[in-house]
file structure_22.cif (mmCIF, C-alpha atoms and all ligand atoms)
data_input
loop_
_atom_site.label_atom_id
_atom_site.label_comp_id
_atom_site.auth_asym_id
_atom_site.auth_seq_id
_atom_site.Cartn_x
_atom_site.Cartn_y
_atom_site.Cartn_z
CA MET A 1 0.00 0.00 0.00
CA SER A 2 1.35 3.45 -0.81
CA PHE A 3 1.86 6.09 1.88
CA LYS A 4 -1.05 8.48 2.11
CA LYS A 5 -0.02 12.08 2.53
CA VAL A 6 -1.30 13.35 5.85
CA TYR A 7 -2.20 16.84 7.02
CA PHE A 8 -1.95 18.36 10.48
CA GLY A 9 -3.26 21.80 11.23
CA THR A 10 -4.26 23.96 14.12
CA ASN A 11 -6.38 27.04 14.50
CA LEU A 12 -5.14 29.17 17.40
CA LYS A 13 -8.57 30.81 17.71
CA MET A 14 -8.46 33.90 19.97
CA TYR A 15 -5.40 32.69 21.86
CA LYS A 16 -1.73 33.70 21.62
CA GLY A 17 -0.70 37.27 20.88
CA VAL A 18 2.25 38.16 18.65
CA ALA A 19 5.11 37.06 20.93
CA ASP A 20 3.48 33.75 21.90
CA THR A 21 2.58 32.96 18.30
CA VAL A 22 6.12 33.60 17.11
CA SER A 23 7.73 31.47 19.80
CA TYR A 24 5.17 28.69 19.24
CA LEU A 25 5.84 28.67 15.51
CA LYS A 26 9.61 28.70 15.87
CA GLU A 27 9.51 25.84 18.34
CA LEU A 28 7.14 23.81 16.16
CA GLU A 29 9.27 24.41 13.08
CA GLN A 30 12.40 23.32 14.88
CA LEU A 31 10.82 20.24 16.49
CA THR A 32 9.31 19.03 13.21
CA SER A 33 12.19 19.99 10.90
CA ASP A 34 13.09 16.39 10.05
CA ILE A 35 9.56 15.40 9.01
CA ASP A 36 9.36 14.95 5.25
CA ARG A 37 6.89 17.54 3.99
CA ASN A 38 6.07 15.36 0.99
CA CYS A 39 4.55 12.92 3.47
CA ALA A 40 3.03 15.34 5.95
CA GLU A 41 1.81 18.90 5.47
CA LEU A 42 1.65 21.15 8.52
CA PHE A 43 -0.29 24.37 8.92
CA VAL A 44 -1.04 26.89 11.64
CA ILE A 45 -3.78 29.52 11.63
CA PRO A 46 -2.90 32.31 14.09
CA SER A 47 -4.96 35.32 15.13
CA TYR A 48 -5.02 38.26 12.69
CA THR A 49 -2.80 40.50 14.80
CA ALA A 50 0.01 37.92 14.80
CA LEU A 51 -0.07 37.14 11.07
CA SER A 52 2.42 39.69 9.88
CA GLU A 53 5.12 38.58 12.38
CA ALA A 54 4.17 34.93 11.89
CA VAL A 55 4.99 35.12 8.19
CA CYS A 56 8.45 36.49 9.00
CA SER A 57 9.19 33.93 11.69
CA VAL A 58 8.86 30.58 9.87
CA SER A 59 9.28 29.16 6.40
CA GLN A 60 6.00 28.25 4.76
CA ALA A 61 7.80 25.40 3.05
CA GLN A 62 7.74 23.91 6.55
CA ILE A 63 4.60 25.32 8.12
CA LEU A 64 1.89 26.88 5.98
CA LEU A 65 0.15 29.85 7.55
CA GLY A 66 -3.42 30.92 7.23
CA ALA A 67 -6.15 33.29 8.39
CA GLN A 68 -9.18 32.28 10.43
CA ASN A 69 -11.71 34.18 8.33
CA MET A 70 -11.97 36.70 5.51
CA CYS A 71 -14.47 39.07 3.90
CA TRP A 72 -16.12 38.01 0.62
CA GLU A 73 -15.37 41.42 -0.90
CA GLU A 74 -11.93 42.66 -1.86
CA GLN A 75 -12.54 46.19 -0.63
CA GLY A 76 -15.35 48.50 0.38
CA GLN A 77 -17.36 49.82 3.26
CA PHE A 78 -17.04 46.79 5.53
CA THR A 79 -15.90 48.11 8.88
CA GLY A 80 -13.96 45.57 10.89
CA GLU A 81 -13.57 43.09 8.06
CA ILE A 82 -10.34 41.80 6.47
CA SER A 83 -9.94 41.73 2.70
CA PRO A 84 -8.40 38.86 0.72
CA LEU A 85 -6.05 41.44 -0.80
CA MET A 86 -4.76 42.31 2.67
CA LEU A 87 -4.17 38.64 3.45
CA ARG A 88 -2.41 38.16 0.12
CA GLU A 89 -0.22 41.15 0.84
CA LEU A 90 0.93 39.36 4.01
CA GLY A 91 1.88 36.29 1.98
CA LEU A 92 -0.49 33.82 3.62
CA SER A 93 -1.24 30.48 2.00
CA ILE A 94 -4.52 29.38 3.57
CA VAL A 95 -7.87 30.86 4.47
CA GLU A 96 -10.11 28.94 6.87
CA LEU A 97 -13.82 29.51 6.29
CA GLY A 98 -17.00 28.40 8.00
CA HIS A 99 -15.53 27.31 11.32
CA SER A 100 -18.28 26.28 13.72
CA GLU A 101 -17.66 29.35 15.88
CA ARG A 102 -18.13 31.61 12.84
CA ARG A 103 -21.33 29.83 11.90
CA HIS A 104 -22.86 29.51 15.34
CA ILE A 105 -21.57 32.46 17.37
CA PHE A 106 -21.33 35.00 14.57
CA GLY A 107 -24.25 33.78 12.50
CA GLU A 108 -22.48 33.10 9.21
CA SER A 109 -24.82 31.41 6.74
CA ASN A 110 -23.98 28.85 4.08
CA GLU A 111 -24.62 31.53 1.48
CA MET A 112 -22.15 33.94 3.09
CA ILE A 113 -19.56 31.20 3.42
CA ASN A 114 -20.02 30.29 -0.25
CA ARG A 115 -19.25 33.88 -1.25
CA LYS A 116 -16.12 33.76 0.89
CA VAL A 117 -15.05 30.41 -0.59
CA CYS A 118 -15.37 31.80 -4.14
CA THR A 119 -13.41 34.94 -3.23
CA ALA A 120 -10.67 32.97 -1.45
CA LEU A 121 -10.22 30.64 -4.43
CA LYS A 122 -10.21 33.54 -6.86
CA ASN A 123 -7.42 35.10 -4.82
CA GLY A 124 -5.33 31.94 -4.99
CA PHE A 125 -5.66 30.78 -1.39
CA LYS A 126 -5.79 27.20 -0.30
CA THR A 127 -9.32 27.23 1.02
CA LEU A 128 -10.16 25.21 4.11
CA LEU A 129 -13.91 24.83 4.38
CA CYS A 130 -15.09 23.69 7.81
CA ILE A 131 -18.37 21.83 8.10
CA GLY A 132 -20.14 19.90 10.83
CA GLU A 133 -23.54 19.08 12.26
CA THR A 134 -24.79 20.33 15.63
CA GLY A 135 -25.83 18.00 18.45
CA GLU A 136 -29.42 18.83 17.59
CA ASP A 137 -28.96 17.87 13.93
CA LYS A 138 -27.46 14.59 15.11
CA GLN A 139 -30.37 13.97 17.43
CA TYR A 140 -32.86 14.55 14.61
CA GLY A 141 -30.92 12.13 12.43
CA ILE A 142 -30.17 14.77 9.80
CA SER A 143 -26.37 14.93 10.09
CA ASP A 144 -25.75 13.60 6.59
CA GLU A 145 -28.24 16.04 5.08
CA VAL A 146 -26.64 18.96 6.94
CA LEU A 147 -23.15 18.00 5.79
CA ARG A 148 -24.31 17.64 2.20
CA ILE A 149 -26.02 21.04 2.30
CA GLN A 150 -22.93 22.69 3.78
CA LEU A 151 -20.76 21.18 1.05
CA LYS A 152 -23.11 21.78 -1.87
CA THR A 153 -23.83 25.37 -0.89
CA GLY A 154 -20.27 26.03 0.27
CA PHE A 155 -18.83 24.99 -3.10
CA TYR A 156 -21.71 26.28 -5.23
CA GLY A 157 -20.35 27.77 -8.44
CA VAL A 158 -16.80 26.53 -7.82
CA SER A 159 -15.19 24.99 -10.89
CA ASP A 160 -14.16 21.34 -10.50
CA LYS A 161 -10.70 22.41 -11.69
CA MET A 162 -10.18 24.20 -8.36
CA TYR A 163 -10.00 20.97 -6.37
CA GLY A 164 -6.22 21.31 -5.87
CA GLN A 165 -6.78 24.48 -3.83
CA ILE A 166 -9.38 22.98 -1.52
CA MET A 167 -9.30 21.24 1.86
CA VAL A 168 -12.28 20.27 3.99
CA ALA A 169 -12.38 19.90 7.76
CA TYR A 170 -15.20 17.88 9.26
CA GLU A 171 -15.77 19.14 12.78
CA PRO A 172 -18.98 18.02 14.47
CA VAL A 173 -20.08 21.00 16.56
CA TRP A 174 -20.83 18.75 19.55
CA ALA A 175 -17.24 17.50 19.49
CA ILE A 176 -15.48 20.88 19.58
CA GLY A 177 -13.92 22.55 22.61
CA ALA A 178 -13.60 21.89 26.33
CA ASP A 179 -17.26 20.81 26.59
CA GLY A 180 -17.06 18.68 23.45
CA LYS A 181 -17.00 14.93 23.25
CA PRO A 182 -14.76 13.56 20.49
CA ALA A 183 -16.46 11.58 17.74
CA SER A 184 -15.56 7.90 17.76
CA ALA A 185 -13.32 6.77 14.93
CA GLU A 186 -16.23 4.70 13.63
CA TYR A 187 -18.59 7.71 13.57
CA ALA A 188 -15.96 9.95 11.98
CA LYS A 189 -15.28 7.29 9.34
CA GLU A 190 -18.97 7.08 8.48
CA LYS A 191 -19.33 10.84 8.09
CA HIS A 192 -16.09 11.18 6.15
CA ALA A 193 -17.46 8.62 3.68
CA VAL A 194 -20.59 10.76 3.23
CA ILE A 195 -18.42 13.84 2.74
CA ARG A 196 -16.15 12.07 0.23
CA LYS A 197 -19.14 10.88 -1.76
CA THR A 198 -20.58 14.40 -1.82
CA LEU A 199 -17.23 15.88 -2.86
CA CYS A 200 -17.15 13.43 -5.77
CA GLU A 201 -20.65 14.53 -6.77
CA ILE A 202 -19.40 18.11 -6.84
CA PHE A 203 -15.89 17.65 -8.22
CA GLY A 204 -16.13 14.30 -10.02
CA ASP A 205 -13.19 11.97 -9.41
CA ASN A 206 -11.14 14.98 -8.32
CA GLY A 207 -13.13 14.79 -5.09
CA TYR A 208 -10.89 11.88 -4.08
CA ALA A 209 -7.87 14.19 -4.14
CA ILE A 210 -9.31 16.76 -1.73
CA PRO A 211 -7.70 16.45 1.72
CA LEU A 212 -10.36 15.70 4.31
CA LEU A 213 -9.43 16.44 7.91
CA TYR A 214 -11.21 15.47 11.11
CA GLY A 215 -11.44 18.02 13.94
CA GLY A 216 -13.17 18.20 17.30
CA SER A 217 -11.39 17.23 20.54
CA VAL A 218 -8.56 15.45 18.74
CA ASN A 219 -6.11 14.43 21.45
CA PRO A 220 -3.13 12.11 21.93
CA SER A 221 -5.36 9.18 22.81
CA ASN A 222 -7.67 9.30 19.77
CA ALA A 223 -5.46 10.80 17.05
CA ASP A 224 -3.78 7.55 15.97
CA ASN A 225 -7.02 5.71 15.46
CA LEU A 226 -8.66 8.61 13.64
CA ILE A 227 -5.82 9.06 11.16
CA LEU A 228 -6.03 5.39 10.20
CA GLN A 229 -9.62 5.66 8.98
CA PRO A 230 -9.99 5.39 5.18
CA ASP A 231 -11.33 8.85 4.31
CA ILE A 232 -9.42 10.76 6.99
CA ASP A 233 -6.39 12.46 5.45
CA GLY A 234 -5.51 14.64 8.36
CA LEU A 235 -6.32 16.10 11.75
CA PHE A 236 -7.38 19.64 12.54
CA VAL A 237 -6.47 20.07 16.16
CA GLY A 238 -7.40 22.76 18.68
CA ARG A 239 -6.40 22.57 22.35
CA SER A 240 -4.11 19.56 22.00
CA ALA A 241 -1.94 21.44 19.50
CA TRP A 242 -1.38 24.71 21.29
CA ASN A 243 1.77 23.54 22.98
CA ALA A 244 4.40 22.92 20.28
CA ALA A 245 5.95 19.89 21.97
CA ASP A 246 2.54 18.25 22.45
CA PHE A 247 1.54 18.91 18.84
CA ASN A 248 4.87 17.51 17.64
CA SER A 249 4.34 14.28 19.63
CA LEU A 250 0.78 13.91 18.34
CA ILE A 251 1.95 14.43 14.74
CA ARG A 252 4.83 11.94 15.04
CA SER A 253 2.72 9.27 16.63
CA ALA A 254 0.05 9.61 13.93
CA ILE A 255 2.64 9.52 11.13
CA ASP A 256 4.19 6.38 12.64
CA LYS A 257 0.81 4.66 12.58
CA VAL A 258 0.27 5.59 8.93
CA LEU A 259 3.80 4.41 8.06
CA LEU A 260 3.06 1.00 9.58
CA LEU A 261 0.45 0.56 6.86
CA ARG A 262 3.05 0.80 4.17
P1 LIG A 301 -10.64 21.36 19.79
O1 LIG A 301 -10.94 22.45 18.66
O2 LIG A 301 -9.64 20.40 19.26
O3 LIG A 301 -10.12 22.17 20.95
O4 LIG A 301 -11.95 20.68 20.10
C1 LIG A 301 -11.14 22.05 17.33
C2 LIG A 301 -11.52 23.19 16.45
O5 LIG A 301 -12.35 24.03 16.81
O6 LIG A 301 -10.99 23.28 15.33
#
call {"tool": "encode", "arguments": {"input": "structure_22.cif", "output": "structure tokens"}}
result
Amino acid sequence: MSFKKVYFGTNLKMYKGVADTVSYLKELEQLTSDIDRNCAELFVIPSYTALSEAVCSVSQAQILLGAQNMCWEEQGQFTGEISPLMLRELGLSIVELGHSERRHIFGESNEMINRKVCTALKNGFKTLLCIGETGEDKQYGISDEVLRIQLKTGFYGVSDKMYGQIMVAYEPVWAIGADGKPASAEYAKEKHAVIRKTLCEIFGDNGYAIPLLYGGSVNPSNADNLILQPDIDGLFVGRSAWNAADFNSLIRSAIDKVLLLR
């Protein structure tokens, strides 16, 4: 069996100011320097205020950097918003869109997120679309429908040729954060299969090439099992990644498990 390329990312949310972000990134870069980036891609998504220094502190050949959100317009009367042109000027590689906290705390709709996805792709960013059902959706038995709607509306109007610029993170809302309960590997596998099938409906066979990451209370005790599931290409980690040494150990352990499959 050939080695599947794996992806490890973290969103620093509203934690770590400039100095903490820079030291975190430098430590992570140094600790992971021997990991072959053809086998494993690493990315970190700091807060806006740390982005400019972050770009100067590490090589994006080692650790790709991204923004947590972005406006769908390039410029205009949008007080408090950040334009894709501004993010491009910084030299960022990735834009994360539709994170659960954006959807559920700040009321972002599928339609809004679709506009952002189109703008991010147009501006050449690797676009990380986050999707996930709420606990209520799960209880009603409509998780698959919700995921399909989020994908089909999120990528509405996107050309199937853009697949190389796209990543998807599946993060069940009920699994995220300190009060979350991680999805079992079995549950995550099931939902990733639904997501993969939907991506292939949207992008044809290119849907198989889109990296699909699981997120939501990933931790050292569940990461290895999650990464081994067939449609899971990577892990999008919150709390368990915010200490560089811990993230490095989680990454290495998961890579070792994948290598054993060789
Ligand atoms: P968590 O966060 O790992 O702390 O649950 C995941 C996320 O929100 O991406």
call {"tool": "residues_around", "arguments": {"input": "structure_22.cif", "residues": "Gly157 of chain A", "least_positions_apart": "2", "cutoff": "9 Å", "atoms": "only C-alpha atoms", "output": "PDB file with C-alpha atoms, in the frame of the given file"}}
result
ATOM      1  CA  ASN A 114     -20.020  30.290  -0.250  1.00  0.00           C
ATOM      2  CA  CYS A 118     -15.370  31.800  -4.140  1.00  0.00           C
ATOM      3  CA  THR A 153     -23.830  25.370  -0.890  1.00  0.00           C
ATOM      4  CA  GLY A 154     -20.270  26.030   0.270  1.00  0.00           C
ATOM      5  CA  PHE A 155     -18.830  24.990  -3.100  1.00  0.00           C
ATOM      6  CA  SER A 159     -15.190  24.990 -10.890  1.00  0.00           C
TER       7      SER A 159
END
call {"tool": "closest_residue", "arguments": {"input": "structure_22.cif", "among": "A:Leu90, A:Leu64, A:Leu199, A:Ala223", "to": "ligand LIG 301 (chain A)", "atoms": "all atoms listed in the file"}}
result
A:Ala223
call {"tool": "residues_near_ligand", "arguments": {"input": "structure_22.cif", "ligand": "ligand LIG 301 (chain A)", "cutoff": "10 Å", "atoms": "all atoms listed in the file", "output": "ChimeraX atom specification"}}
result
/A:9-13,99-101,130,169-182,214-219,235-242
call {"tool": "residues_around", "arguments": {"input": "structure_22.cif", "residues": "Leu151 of chain A", "least_positions_apart": "5", "cutoff": "10 Å", "atoms": "only C-alpha atoms", "output": "list in words"}}
result
Asn110, Asn114, Leu129, Cys130, Ile131, Gly132, Glu145, Val146, Tyr156, Val168, Ile195, Thr198, Leu199 and Ile202 of chain A
call {"tool": "atom_distance", "arguments": {"input": "structure_22.cif", "atom1": "atom CA of Leu250 of chain A", "atom2": "atom CA of Val95 of chain A"}}
result
23.5 Å
call {"tool": "closest_atom_pairs", "arguments": {"input": "structure_22.cif", "of": "segment 93-135 of chain A", "to": "segment 38-52 of chain A", "cutoff": "10 Å", "atoms": "all atoms listed in the file", "output": "tab-separated table"}}
result
residue	atom	partner	partner_atom	distance
A:Ser93	CA	A:Phe43	CA	9.3
A:Ile94	CA	A:Ile45	CA	8.1
A:Val95	CA	A:Ile45	CA	8.4
A:Glu96	CA	A:Ile45	CA	7.9
call {"tool": "write_last_selection", "arguments": {"input": "structure_22.cif", "atoms": "C-alpha atoms", "output": "compact mmCIF listing (two decimals), in the frame of the given file"}}
result
# COMPACT_ATOMS: atom_id res chain seq x y z
CA SER A 93 -1.24 30.48 2.00
CA ILE A 94 -4.52 29.38 3.57
CA VAL A 95 -7.87 30.86 4.47
CA GLU A 96 -10.11 28.94 6.87
call {"tool": "residues_around", "arguments": {"input": "structure_22.cif", "residues": "Ile210 of chain A", "least_positions_apart": "5", "cutoff": "8 Å", "atoms": "all atoms listed in the file", "output": "ChimeraX atom specification"}}
result
/A:163-164,166-168
call {"tool": "residues_around", "arguments": {"input": "structure_22.cif", "residues": "Met112 of chain A", "least_positions_apart": "3", "cutoff": "12 Å", "atoms": "only C-alpha atoms", "output": "MDAnalysis selection string"}}
result
chainID A and resid 69:73 97:98 102:103 106:109 115:119 150 153:156
